[in-house]
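Visitor: Quick one: this structure, given as structure tokens, is what I'll be asking you about.
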Amino acid sequence: MLVMRPAQMADLGEVQRLAADSPIGVTSLPDDVDRLRDKIAASEASFAAEVSFNGEESYFFVLEDTASGKLVGCSAIVASAGYSEPFYSFRNETFVHASRELKIHNKIHVLSQCHDLTGNSLLTSFYVVRDLVGTPWAELNSRGRLLFVAGHPERFADSVVTEIVGYSDENGDSPFWDAIGRNFFDLNYAEAERLCGLKSRTFLAELMPHYPIYVPLLPDAAQEAMGQVHPRAQITFDILMREGFETDHYIDIFDGGPTLHARVSGIRSIAQSRVVPVKIGEALKGGGRQYLVANGQLQDYRAVLLELDYAPGKPVTLDLQAAEALGVGEGASVRLVAV
């Protein structure tokens, strides 16, 4: 069985294995043992803290194959994007250039650097092994953290954002970075993202142009790359778009990938999830529907994917294996949502 749970320091070696295979641009999952150790330590402290509003906390989850003990995925939530430093994005805007005398009225697409999204909760660090891409377990790895938000709303903002890795070619070159960022740093895209993963994105963002960038002046390849998704990030993009996230307003300042945004109240896994009592019984023998099921706890948070014969308004029947994986018993409550 695959179980989503909070990461522990004992997972460090396995997490580094996952990080080593994550695509360029996932700076929140660097292939660096010290940064990953700090990431897990910060997560453990956040789960242990008493919190009444969203602050500097970060919550890092792993997807474990309980049969083998191997990790097959991970994902995270930052309670407040840019809590200790601004969270930079490019905002898509339209400037109007008009001349009444010449009877000319032009609308021009521009990019303006901003930190509008600072303070929103941030989904980061999504990764699943390639065998799970396109499967319901990828949904568990991504949406399981949304069920955590639903169960602990006081720990998060009213809106959630996530940066999707943008387009780069098989050599690791990004047309968007080459058109803008490389003019300010003598670094290729892969090296810039590596430095961001080891240090911070802010030190590069602060040296990027703060005046509007006129999109028509960019090379065609850079314009085409704006809002494009890296093939290996398509899975998380698709899952979150089905959840009700929106795009078009903001893009990443380095690779031009889309930045998704949603109000918590409008996210499907949160709005449509239900808290129901548990009944222990026989496992369903086919014919049911797949649900994501979470136990609603904090440090002992668990989420799994189950096939259930659930009827709204009634208890949900779990077999012993599922109940043990979730750490719940007869009469406890779980939160569930259909896949």
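The chains in the structure tokens are called A, B, ... from first to last as shown; in each chain the residues are counted from 1, and the ligands are counted from 1 in the order shown.
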Do a neighbour search on Gly327 (chain A) at 9 Å with only C-alpha atoms, toss out local chain neighbours closer than 2 positions, and write the hits as a list in words.
Guide: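 Residues near the query, excluding close chain neighbours: Asn295, Asp300, Tyr301, Arg302, Ala322, Ala323, Glu324, Ala325 and Gly329 of chain A.
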Visitor: List the spatial neighbours of Ala179 (chain A) as a ChimeraX atom specification - criterion: any atom at most 7 Å away, only C-alpha atoms, same-chain residues fewer than 2 positions off excluded.
Guide: /A:175-177,181-182,218-219,222
Visitor: So that I have them on file, write out the residues from the current selection with C-alpha atoms, as a short mmCIF file (atom, residue, chain, number, x, y, z; two decimals), in the first residue's frame.
Guide:
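Writing done, so here's part_21.cif:
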data_model
loop_
_atom_site.label_atom_id
_atom_site.label_comp_id
_atom_site.auth_asym_id
_atom_site.auth_seq_id
_atom_site.Cartn_x
_atom_site.Cartn_y
_atom_site.Cartn_z
CA PRO A 175 14.57 30.23 -24.25
CA PHE A 176 12.87 32.53 -21.74
CA TRP A 177 15.91 32.63 -19.45
CA GLY A 181 17.87 36.45 -17.21
CA ARG A 182 21.05 35.59 -19.06
CA LEU A 218 11.51 39.31 -26.99
CA PRO A 219 12.69 36.62 -29.45
CA ALA A 222 11.02 33.22 -25.62
#
Visitor: Find the residues of region 233-327 of chain A that sit at most 12 Å from region 82-99 of chain A; for each, write down the nearest two atoms and how far apart they are in Å, to one decimal. Count only C-alpha atoms. Sort by chain, then by number going up, and give it as JSON lines.
Guide:
{"residue": "A:Thr247", "atom": "CA", "partner": "A:Asn92", "partner_atom": "CA", "distance": 10.5}
{"residue": "A:Asp248", "atom": "CA", "partner": "A:Asn92", "partner_atom": "CA", "distance": 7.3}
{"residue": "A:His249", "atom": "CA", "partner": "A:Asn92", "partner_atom": "CA", "distance": 5.4}
{"residue": "A:Tyr250", "atom": "CA", "partner": "A:Arg91", "partner_atom": "CA", "distance": 4.6}
{"residue": "A:Ile251", "atom": "CA", "partner": "A:Phe90", "partner_atom": "CA", "distance": 5.3}
{"residue": "A:Asp252", "atom": "CA", "partner": "A:Ser89", "partner_atom": "CA", "distance": 5.5}
{"residue": "A:Ile253", "atom": "CA", "partner": "A:Ser89", "partner_atom": "CA", "distance": 5.5}
{"residue": "A:Phe254", "atom": "CA", "partner": "A:Ser89", "partner_atom": "CA", "distance": 9.0}
{"residue": "A:Asp255", "atom": "CA", "partner": "A:Phe90", "partner_atom": "CA", "distance": 10.6}
{"residue": "A:Gly256", "atom": "CA", "partner": "A:Phe90", "partner_atom": "CA", "distance": 8.3}
{"residue": "A:Gly257", "atom": "CA", "partner": "A:Phe90", "partner_atom": "CA", "distance": 10.2}
{"residue": "A:Pro258", "atom": "CA", "partner": "A:Phe90", "partner_atom": "CA", "distance": 9.8}
{"residue": "A:Thr259", "atom": "CA", "partner": "A:Ser89", "partner_atom": "CA", "distance": 8.1}
{"residue": "A:Leu260", "atom": "CA", "partner": "A:Ser89", "partner_atom": "CA", "distance": 11.2}
Visitor: If you run DSSP over the backbone, which residues in region 31-254 of chain A end up helix (DSSP H, G or I)? Put them as a PyMOL selection string.
Guide: chain A and resi 33-48+130-132+136-151+153-155+175-179+181-183+189-198+202-205+215-217+220-225+231-242
Visitor: I'd like the contact shell of Gly144 (chain A) - 9 Å cut-off, only C-alpha atoms, skipping same-chain residues fewer than 6 positions apart - returned as a PyMOL selection string.
Guide: chain A and resi 4+269+292-294+302-304
Visitor: Which one of A:Ala271, A:Asp173, A:Ala19, A:Gln299 sits closest to Ala192 (chain A) if you count only C-alpha atoms?
Guide: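 Among the listed residues, the smallest separation from Ala192 (chain A) belongs to A:Asp173.
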Visitor: Could you list, as a PyMOL selection string, every residue within 7 Å of Ile270 (chain A), counting only C-alpha atoms and ignoring same-chain residues fewer than 5 positions away?
Guide: chain A and resi 146-147+150+265
Visitor: Considering only C-alpha atoms, can you say which of A:Arg242, A:Lys107, A:Arg35, A:Lys279 comes closest to Arg194 (chain A)?
Guide: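 Of A:Arg242, A:Lys107, A:Arg35, A:Lys279, the one nearest Arg194 (chain A), counting only C-alpha atoms, is A:Arg35.
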